[in-house]
$ cat protein_24.tsv   # TSV, C-alpha atoms
chain	number	residue	atom	x	y	z
A	25	MET	CA	107.89	167.37	70.43
A	26	ASN	CA	110.95	168.56	72.37
A	27	GLU	CA	111.60	171.41	69.97
A	28	GLY	CA	113.16	174.38	71.73
A	29	HIS	CA	112.62	173.08	75.27
A	30	THR	CA	115.29	173.35	77.95
A	31	LEU	CA	113.35	171.24	80.47
A	32	PRO	CA	113.04	167.44	80.32
A	33	LEU	CA	110.11	166.15	78.30
A	34	LEU	CA	107.24	163.91	79.46
A	35	SER	CA	105.22	162.21	76.75
A	36	LEU	CA	101.92	160.76	77.90
A	37	THR	CA	99.87	158.77	75.40
A	38	VAL	CA	96.38	157.32	75.79
A	39	ASP	CA	94.47	155.18	73.28
A	40	ASP	CA	91.04	156.54	74.18
A	41	GLN	CA	91.44	160.30	73.86
A	42	ALA	CA	87.74	160.96	74.51
A	43	GLN	CA	87.75	158.96	77.74
A	44	PHE	CA	90.88	160.76	78.94
A	45	GLN	CA	89.44	164.19	78.13
A	46	ASN	CA	86.27	163.28	80.03
A	47	ILE	CA	87.99	162.40	83.30
A	48	TYR	CA	90.52	165.25	82.89
A	49	SER	CA	88.04	168.03	82.15
A	50	LEU	CA	85.64	166.91	84.89
A	51	GLY	CA	88.36	165.98	87.42
A	52	ILE	CA	87.01	162.48	87.97
A	53	LYS	CA	89.24	160.59	90.43
A	54	GLU	CA	87.22	157.38	90.53
A	55	ARG	CA	88.08	156.33	86.98
A	56	SER	CA	91.38	155.48	85.34
A	57	VAL	CA	92.64	154.84	81.81
A	58	PRO	CA	95.49	152.75	80.38
A	59	ALA	CA	98.35	154.97	79.28
A	60	HIS	CA	102.02	155.08	78.34
A	61	LEU	CA	104.51	157.48	79.92
A	62	ALA	CA	107.98	158.30	78.62
A	63	LEU	CA	110.59	160.64	80.08
A	64	TYR	CA	113.28	162.21	77.90
A	65	ASP	CA	116.14	164.18	79.45
A	66	GLY	CA	118.72	164.47	76.70
A	67	GLU	CA	118.04	160.80	76.07
A	68	MET	CA	115.31	158.30	76.96
A	69	VAL	CA	115.14	157.84	80.74
A	70	PHE	CA	112.21	155.42	80.79
A	71	SER	CA	109.23	154.42	78.66
A	72	ARG	CA	106.50	152.38	80.33
A	73	ASP	CA	102.85	151.38	80.17
A	74	CYS	CA	100.89	152.49	83.23
A	75	GLU	CA	97.48	153.25	84.71
A	76	LEU	CA	96.53	156.93	84.73
A	77	SER	CA	94.09	158.73	87.05
A	78	MET	CA	93.48	162.21	88.41
A	79	LYS	CA	95.04	163.51	91.65
A	80	GLY	CA	94.22	166.23	94.15
A	81	TRP	CA	91.07	167.68	95.66
A	82	THR	CA	90.39	171.40	95.33
A	83	SER	CA	92.81	171.69	92.42
A	84	LEU	CA	90.66	169.32	90.34
A	85	SER	CA	88.19	172.17	89.83
A	86	MET	CA	90.90	174.21	88.07
A	87	PRO	CA	91.54	174.02	84.31
A	88	LYS	CA	95.01	172.49	84.67
A	89	LYS	CA	94.99	169.36	86.83
A	90	SER	CA	97.40	166.94	88.48
A	91	MET	CA	97.55	163.28	87.50
A	92	GLY	CA	99.07	160.11	88.88
A	93	VAL	CA	100.42	157.00	87.20
A	94	ARG	CA	100.69	153.52	88.68
A	95	PHE	CA	102.91	150.74	87.41
A	96	LYS	CA	100.75	147.78	88.37
A	97	GLY	CA	101.48	144.14	87.69
A	98	ARG	CA	99.35	144.11	84.55
A	99	TYR	CA	101.60	146.90	83.19
A	100	GLY	CA	104.86	145.17	84.04
A	101	GLY	CA	105.12	145.87	87.77
A	102	ALA	CA	107.20	148.52	89.52
A	103	LEU	CA	109.27	150.90	87.42
A	104	ASP	CA	112.99	150.09	87.74
A	105	CYS	CA	114.72	153.42	87.13
A	106	ASP	CA	116.69	156.03	89.11
A	107	VAL	CA	114.26	158.74	87.98
A	108	PHE	CA	115.49	161.50	90.29
A	109	GLU	CA	119.13	160.43	90.51
A	110	ASN	CA	118.89	159.92	94.27
A	111	GLY	CA	119.61	156.20	94.45
A	112	ILE	CA	115.93	155.17	94.62
A	113	THR	CA	115.34	152.81	91.72
A	114	GLU	CA	111.90	151.24	92.31
A	115	TYR	CA	108.61	153.09	91.86
A	116	GLU	CA	105.05	151.81	91.95
A	117	GLU	CA	103.58	155.31	91.55
A	118	LEU	CA	104.60	158.72	90.25
A	119	ALA	CA	102.75	162.04	90.30
A	120	LEU	CA	102.42	164.59	87.49
A	121	ARG	CA	101.75	167.62	89.63
A	122	VAL	CA	100.66	171.20	89.05
A	123	GLY	CA	98.71	172.02	92.23
A	124	GLN	CA	96.88	175.27	92.92
A	125	ASP	CA	99.98	177.43	92.60
A	126	TYR	CA	100.46	177.06	88.84
A	127	THR	CA	98.85	180.46	88.11
A	128	PHE	CA	101.14	182.20	90.60
A	129	SER	CA	104.75	181.23	91.39
A	130	VAL	CA	104.50	177.66	89.96
A	131	PHE	CA	107.31	176.41	92.23
A	132	ARG	CA	106.12	177.33	95.75
A	133	ASN	CA	105.63	173.71	96.85
A	134	GLU	CA	108.87	172.47	95.30
A	135	LEU	CA	110.92	175.34	96.78
A	136	VAL	CA	109.81	174.59	100.34
A	137	GLN	CA	110.25	170.84	99.90
A	138	GLU	CA	113.77	171.35	98.57
A	139	LEU	CA	114.65	173.54	101.56
A	140	CYS	CA	113.26	170.84	103.82
A	141	ARG	CA	115.44	168.16	102.21
A	142	GLU	CA	118.52	170.32	102.72
A	143	ALA	CA	117.78	171.15	106.35
A	144	SER	CA	116.15	168.06	107.87
A	145	ARG	CA	116.85	164.33	107.97
A	146	ASN	CA	113.80	163.70	110.11
A	147	LEU	CA	111.04	164.52	107.60
A	148	TYR	CA	109.98	162.70	104.45
A	149	THR	CA	109.25	164.78	101.39
A	150	GLN	CA	109.15	164.37	97.61
A	151	GLU	CA	111.85	164.62	95.00
A	152	GLY	CA	110.68	166.42	91.89
A	153	LYS	CA	111.72	167.21	88.34
A	154	TYR	CA	110.11	169.96	86.28
A	155	CYS	CA	109.16	168.80	82.80
A	156	ILE	CA	107.22	169.82	79.71
A	157	LEU	CA	104.21	167.54	79.32
A	158	TYR	CA	102.69	166.46	76.03
A	159	VAL	CA	99.52	164.34	75.94
A	160	ASN	CA	99.10	162.51	72.63
A	161	GLY	CA	101.43	165.09	71.12
A	162	GLU	CA	99.49	168.09	72.48
A	163	TYR	CA	101.37	170.62	74.63
A	164	TYR	CA	100.06	170.67	78.24
A	165	GLY	CA	102.68	172.97	79.73
A	166	ILE	CA	104.96	172.70	82.75
A	167	TYR	CA	104.35	169.82	85.14
A	168	CYS	CA	106.46	168.53	88.01
A	169	LEU	CA	107.19	164.80	87.90
A	170	LYS	CA	107.33	163.75	91.54
A	171	GLU	CA	107.69	160.82	93.86
A	172	ASP	CA	104.33	159.74	95.22
A	173	PHE	CA	103.74	158.60	98.78
A	174	SER	CA	103.15	154.91	99.35
A	175	ASP	CA	104.42	152.09	101.54
A	176	LEU	CA	107.13	151.47	98.93
A	177	TYR	CA	108.14	155.15	99.05
A	178	TYR	CA	108.67	155.00	102.81
A	179	ALA	CA	110.42	151.63	102.62
A	180	SER	CA	112.85	152.90	99.97
A	181	HIS	CA	113.73	156.05	101.90
A	182	ALA	CA	113.80	154.50	105.39
A	183	GLY	CA	115.73	151.39	104.35
A	184	VAL	CA	113.09	148.89	105.46
A	185	THR	CA	110.99	146.27	103.68
A	186	GLU	CA	107.68	147.30	102.16
A	187	GLU	CA	105.90	144.54	104.06
A	188	SER	CA	106.89	146.11	107.40
A	189	VAL	CA	105.41	149.54	106.64
A	190	GLU	CA	102.18	150.97	108.02
A	191	GLY	CA	100.91	154.30	106.77
A	192	ILE	CA	98.03	156.60	107.74
A	193	ARG	CA	96.72	159.54	105.75
A	194	SER	CA	94.10	162.08	106.72
A	195	PRO	CA	91.24	161.93	107.09
A	196	SER	CA	91.79	158.73	109.09
A	197	GLU	CA	89.38	156.84	111.29
A	198	TRP	CA	88.88	158.39	114.69
A	199	TYR	CA	89.48	155.03	116.34
A	200	SER	CA	92.78	154.38	114.56
A	201	GLU	CA	95.72	153.80	116.86
A	202	TYR	CA	97.39	157.04	115.76
A	203	ASN	CA	94.32	159.23	116.32
A	204	GLN	CA	93.67	157.67	119.70
A	205	LEU	CA	97.22	158.52	120.70
A	206	VAL	CA	97.33	162.09	119.35
A	207	GLN	CA	93.78	163.40	119.43
A	208	HIS	CA	92.47	161.53	122.46
A	209	PHE	CA	95.27	160.64	124.84
A	210	GLY	CA	97.63	163.45	123.77
A	211	GLN	CA	95.04	166.17	124.27
A	212	SER	CA	93.38	164.86	127.42
A	213	ALA	CA	96.27	163.44	129.43
A	214	ASP	CA	98.57	165.56	131.57
A	215	MET	CA	101.79	165.76	129.54
A	216	THR	CA	103.72	167.11	132.52
A	217	LEU	CA	103.59	163.61	134.00
A	218	PRO	CA	106.64	161.61	132.84
A	219	GLU	CA	104.68	158.41	132.27
A	220	ASN	CA	102.22	160.15	129.93
A	221	TYR	CA	104.93	161.94	127.98
A	222	GLU	CA	106.93	158.73	127.65
A	223	LYS	CA	103.87	156.92	126.29
A	224	VAL	CA	103.67	159.44	123.43
A	225	THR	CA	107.41	159.55	122.75
A	226	SER	CA	107.57	155.76	122.68
A	227	GLN	CA	105.24	155.79	119.66
A	228	ILE	CA	106.15	159.03	117.83
A	229	ASN	CA	109.53	160.09	116.47
A	230	MET	CA	109.66	163.43	118.27
A	231	ASP	CA	112.46	164.83	116.08
A	232	SER	CA	110.23	164.20	113.06
A	233	LEU	CA	107.24	165.86	114.75
A	234	ILE	CA	109.32	168.87	115.83
A	235	ASP	CA	110.74	169.38	112.33
A	236	TRP	CA	107.27	169.02	110.80
A	237	PHE	CA	105.97	171.70	113.16
A	238	LEU	CA	108.92	173.99	112.44
A	239	PHE	CA	108.68	173.74	108.65
A	240	GLU	CA	104.90	174.04	108.52
A	241	SER	CA	105.18	177.12	110.76
A	242	TRP	CA	108.08	178.64	108.83
A	243	CYS	CA	106.28	178.49	105.48
A	244	ALA	CA	103.00	179.56	107.15
A	245	ASN	CA	101.04	176.74	105.53
A	246	SER	CA	97.29	177.13	106.03
A	247	ASP	CA	96.37	173.74	104.52
A	248	THR	CA	97.63	171.13	106.98
A	249	VAL	CA	94.43	169.44	108.18
A	250	GLY	CA	93.82	167.35	105.08
A	251	ASN	CA	97.49	166.77	104.35
A	252	MET	CA	98.67	164.78	107.35
A	253	ARG	CA	100.52	161.55	106.56
A	254	VAL	CA	102.55	159.40	108.92
A	255	TYR	CA	104.46	156.14	108.43
A	256	ARG	CA	106.20	153.64	110.65
A	257	SER	CA	107.95	150.29	110.38
A	258	MET	CA	108.68	147.52	112.84
A	259	GLU	CA	112.18	147.44	111.36
A	260	ASN	CA	113.20	150.95	112.44
A	261	GLY	CA	111.71	151.41	115.89
A	262	ASN	CA	108.00	151.34	114.99
A	263	LYS	CA	107.59	155.06	115.69
A	264	TRP	CA	105.38	157.30	113.58
A	265	GLU	CA	107.32	159.65	111.28
A	266	TYR	CA	105.93	162.64	109.42
A	267	VAL	CA	105.57	163.63	105.78
A	268	PHE	CA	105.96	167.21	104.54
A	269	TYR	CA	104.11	168.01	101.33
A	270	ASP	CA	101.41	170.03	99.51
A	271	LEU	CA	102.63	173.52	100.32
A	272	ASP	CA	100.65	175.42	97.68
A	273	TRP	CA	99.12	177.52	100.46
A	274	GLY	CA	102.44	178.20	102.16
A	275	LEU	CA	104.34	181.51	101.94
A	276	TRP	CA	101.15	183.49	101.44
A	277	SER	CA	100.66	185.39	104.69
A	278	TRP	CA	102.58	185.66	107.93
A	279	ASP	CA	99.23	185.37	109.74
A	280	TYR	CA	99.28	181.63	108.99
A	281	ASN	CA	102.04	180.83	111.48
A	282	PHE	CA	102.46	178.31	114.29
A	283	LYS	CA	99.36	179.67	116.05
A	284	LEU	CA	97.25	178.23	113.26
A	285	LEU	CA	98.77	174.78	113.88
A	286	LEU	CA	97.93	175.03	117.58
A	287	GLU	CA	94.30	175.61	116.71

$ encode --input "protein_24.tsv" --output "structure tokens"
Amino acid sequence: MNEGHTLPLLSLTVDDQAQFQNIYSLGIKERSVPAHLALYDGEMVFSRDCELSMKGWTSLSMPKKSMGVRFKGRYGGALDCDVFENGITEYEELALRVGQDYTFSVFRNELVQELCREASRNLYTQEGKYCILYVNGEYYGIYCLKEDFSDLYYASHAGVTEESVEGIRSPSEWYSEYNQLVQHFGQSADMTLPENYEKVTSQINMDSLIDWFLFESWCANSDTVGNMRVYRSMENGNKWEYVFYDLDWGLWSWDYNFKLLLE
């Protein structure tokens, strides 16, 4: 392994090759396997036991699939490593992502996320590192090792404790506090009345919402409905803040602009 590569190397090993191939080929998310993941970038960055499972939805029907690893207590607890050289040193989960764009540009999602990180301090997005993946010594091609969203992710980036974090991902319960605010009150109440507008702004970080709307519109993403995630913490104002990710269907057609979001 690592012969002639200019990208970092990910080595994933599993004891039960047949079990892994079964969940990988069929895209089974409900099952996981014990595994070991090592990252080499000139030298060993980390080498850890983990739990491996499949990730994604529509992309799981494609030949090349995304995976996720979790560093649970039985595998030694959170990974202590500055994987992306951004000062974040504790990870409970990481993603090995390919998405639906791997047969086209490969880097569509990562390009837009990188632009977002450079332009906005109000949105949360993922750091990533392109790597060559081997599974039990077999070449699997280019994957992007990425941060994965969790309460610990938000806590690390927002500077709060993990215990204070509340997160919601779509599809969420209709009667959740967030959906009642946005889909019920926000759409039925008269927002020209100061008291109604202030009720919404007291619970949502409006700069985060505005930047989410701008970036989703700019990249003309047509796949927002199932990819909504918001977080908040009592330690930083307890206002919902937005996540920007999964842009495989962005930058396809100018028809998918802000009008699509309004619908």

$ closest_residue --input "protein_24.tsv" --among "A:Thr149, A:Gln204, A:Thr185, A:Ser194" --to "Val136 of chain A" --atoms "all atoms listed in the file"
A:Thr149

$ closest_atom_pairs --input "protein_24.tsv" --of "segment 58-139 of chain A" --to "segment 163-182 of chain A" --cutoff "9 Å" --atoms "only C-alpha atoms" --output "tab-separated table"
residue	atom	partner	partner_atom	distance
A:Lys88	CA	A:Tyr164	CA	8.4
A:Ser90	CA	A:Tyr167	CA	8.2
A:Gly92	CA	A:Asp172	CA	8.2
A:Phe108	CA	A:Lys170	CA	8.6
A:Ile112	CA	A:Ser180	CA	6.6
A:Thr113	CA	A:Ser180	CA	8.6
A:Glu114	CA	A:Ser180	CA	7.9
A:Tyr115	CA	A:Leu176	CA	7.4
A:Glu116	CA	A:Leu176	CA	7.3
A:Glu117	CA	A:Asp172	CA	5.8
A:Leu118	CA	A:Asp172	CA	5.1
A:Ala119	CA	A:Lys170	CA	5.0
A:Leu120	CA	A:Leu169	CA	4.8
A:Arg121	CA	A:Cys168	CA	5.1
A:Val122	CA	A:Tyr167	CA	5.6
A:Tyr126	CA	A:Ile166	CA	8.7
A:Val130	CA	A:Ile166	CA	8.8
A:Phe131	CA	A:Cys168	CA	9.0
A:Glu134	CA	A:Cys168	CA	8.6

$ closest_residue --input "protein_24.tsv" --among "A:Lys153, A:Lys263, A:His60, A:Lys53" --to "Glu109 of chain A" --atoms "only C-alpha atoms"
A:Lys153

$ closest_residue --input "protein_24.tsv" --among "A:Trp81, A:Trp264, A:Tyr221, A:Trp236" --to "Ala143 of chain A" --atoms "all atoms listed in the file"
A:Trp236

$ axis_aligned_box --input "protein_24.tsv" --around "segment 117-128 of chain A" --padding-each-side "6 Å" --output "AutoDock Vina command-line options"
--center_x 100.7 --center_y 168.8 --center_z 90.2 --size_x 19.7 --size_y 38.9 --size_z 17.4

$ residues_near_point --input "protein_24.tsv" --point "(113.9, 152.1, 86.3)" --cutoff "9 Å" --atoms "only C-alpha atoms" --output "list in words"
Val69, Phe70, Ala102, Leu103, Asp104, Cys105, Asp106, Val107, Thr113, Glu114 and Tyr115 of chain A

$ write_last_selection --input "protein_24.tsv" --atoms "C-alpha atoms" --output "PDB file, in the frame of the given file"
ATOM      1  CA  VAL A  69     115.140 157.840  80.740  1.00  0.00           C
ATOM      2  CA  PHE A  70     112.210 155.420  80.790  1.00  0.00           C
ATOM      3  CA  ALA A 102     107.200 148.520  89.520  1.00  0.00           C
ATOM      4  CA  LEU A 103     109.270 150.900  87.420  1.00  0.00           C
ATOM      5  CA  ASP A 104     112.990 150.090  87.740  1.00  0.00           C
ATOM      6  CA  CYS A 105     114.720 153.420  87.130  1.00  0.00           C
ATOM      7  CA  ASP A 106     116.690 156.030  89.110  1.00  0.00           C
ATOM      8  CA  VAL A 107     114.260 158.740  87.980  1.00  0.00           C
ATOM      9  CA  THR A 113     115.340 152.810  91.720  1.00  0.00           C
ATOM     10  CA  GLU A 114     111.900 151.240  92.310  1.00  0.00           C
ATOM     11  CA  TYR A 115     108.610 153.090  91.860  1.00  0.00           C
TER      12      TYR A 115
END

$ atom_distance --input "protein_24.tsv" --atom1 "atom CA of Met215 of chain A" --atom2 "atom CA of Asp235 of chain A"
19.7 Å

$ closest_residue --input "protein_24.tsv" --among "A:Trp276, A:Tyr266, A:Tyr64, A:Tyr255" --to "Tyr154 of chain A" --atoms "all atoms listed in the file"
A:Tyr64

$ closest_residue --input "protein_24.tsv" --among "A:Leu36, A:Cys243, A:Leu238, A:Val267" --to "Leu135 of chain A" --atoms "only C-alpha atoms"
A:Cys243

$ atom_distance --input "protein_24.tsv" --atom1 "atom CA of Asp65 of chain A" --atom2 "atom CA of Tyr99 of chain A"
22.9 Å

$ closest_residue --input "protein_24.tsv" --among "A:Leu34, A:Leu76, A:Leu50, A:Leu84" --to "Ala62 of chain A" --atoms "only C-alpha atoms"
A:Leu34

$ atom_distance --input "protein_24.tsv" --atom1 "atom CA of Leu63 of chain A" --atom2 "atom CA of Leu31 of chain A"
11.0 Å

$ residues_around --input "protein_24.tsv" --residues "Tyr269 of chain A" --least-positions-apart "2" --cutoff "8 Å" --atoms "all atoms listed in the file" --output "list in words"
Asn133, Gln137, Thr149, Gln150, Asn251, Val267 and Leu271 of chain A

$ decode --input "protein_24.tsv" --residues "segment 162-178 of chain A" --atoms "N, CA and C atoms" --output "mmCIF file, in the first residue's frame"
data_model
loop_
_atom_site.group_PDB
_atom_site.id
_atom_site.type_symbol
_atom_site.label_atom_id
_atom_site.label_comp_id
_atom_site.auth_asym_id
_atom_site.auth_seq_id
_atom_site.Cartn_x
_atom_site.Cartn_y
_atom_site.Cartn_z
ATOM 1 N N GLU A 162 -7.050 -4.041 -0.140
ATOM 2 C CA GLU A 162 -7.609 -3.907 -1.485
ATOM 3 C C GLU A 162 -7.925 -2.440 -1.778
ATOM 4 N N TYR A 163 -7.512 -1.967 -2.952
ATOM 5 C CA TYR A 163 -7.697 -0.573 -3.352
ATOM 6 C C TYR A 163 -9.176 -0.273 -3.561
ATOM 7 N N TYR A 164 -9.708 0.752 -2.845
ATOM 8 C CA TYR A 164 -11.096 1.174 -2.970
ATOM 9 C C TYR A 164 -11.227 2.555 -3.601
ATOM 10 N N GLY A 165 -10.123 3.199 -3.923
ATOM 11 C CA GLY A 165 -10.187 4.475 -4.618
ATOM 12 C C GLY A 165 -10.143 5.688 -3.711
ATOM 13 N N ILE A 166 -10.573 6.815 -4.255
ATOM 14 C CA ILE A 166 -10.527 8.090 -3.544
ATOM 15 C C ILE A 166 -11.751 8.231 -2.644
ATOM 16 N N TYR A 167 -11.507 8.494 -1.385
ATOM 17 C CA TYR A 167 -12.551 8.799 -0.408
ATOM 18 C C TYR A 167 -12.172 10.107 0.282
ATOM 19 N N CYS A 168 -13.173 10.775 0.841
ATOM 20 C CA CYS A 168 -12.900 11.979 1.613
ATOM 21 C C CYS A 168 -13.149 11.675 3.093
ATOM 22 N N LEU A 169 -12.095 11.736 3.883
ATOM 23 C CA LEU A 169 -12.232 11.586 5.334
ATOM 24 C C LEU A 169 -12.769 12.903 5.878
ATOM 25 N N LYS A 170 -13.905 12.843 6.593
ATOM 26 C CA LYS A 170 -14.567 14.074 6.992
ATOM 27 C C LYS A 170 -14.998 14.038 8.447
ATOM 28 N N GLU A 171 -15.122 15.232 9.018
ATOM 29 C CA GLU A 171 -15.816 15.361 10.292
ATOM 30 C C GLU A 171 -17.251 14.872 10.118
ATOM 31 N N ASP A 172 -17.807 14.289 11.172
ATOM 32 C CA ASP A 172 -19.209 13.892 11.122
ATOM 33 C C ASP A 172 -19.974 14.698 12.171
ATOM 34 N N PHE A 173 -21.228 14.988 11.866
ATOM 35 C CA PHE A 173 -22.019 15.832 12.749
ATOM 36 C C PHE A 173 -22.510 15.053 13.964
ATOM 37 N N SER A 174 -22.355 15.647 15.113
ATOM 38 C CA SER A 174 -22.791 15.066 16.374
ATOM 39 C C SER A 174 -22.826 16.188 17.403
ATOM 40 N N ASP A 175 -23.316 15.878 18.592
ATOM 41 C CA ASP A 175 -23.284 16.871 19.667
ATOM 42 C C ASP A 175 -21.854 17.285 19.984
ATOM 43 N N LEU A 176 -20.926 16.326 19.930
ATOM 44 C CA LEU A 176 -19.523 16.644 20.200
ATOM 45 C C LEU A 176 -18.953 17.542 19.111
ATOM 46 N N TYR A 177 -19.346 17.312 17.856
ATOM 47 C CA TYR A 177 -18.901 18.183 16.759
ATOM 48 C C TYR A 177 -19.290 19.635 17.052
ATOM 49 N N TYR A 178 -20.577 19.849 17.353
ATOM 50 C CA TYR A 178 -21.034 21.218 17.600
ATOM 51 C C TYR A 178 -20.341 21.811 18.817
#
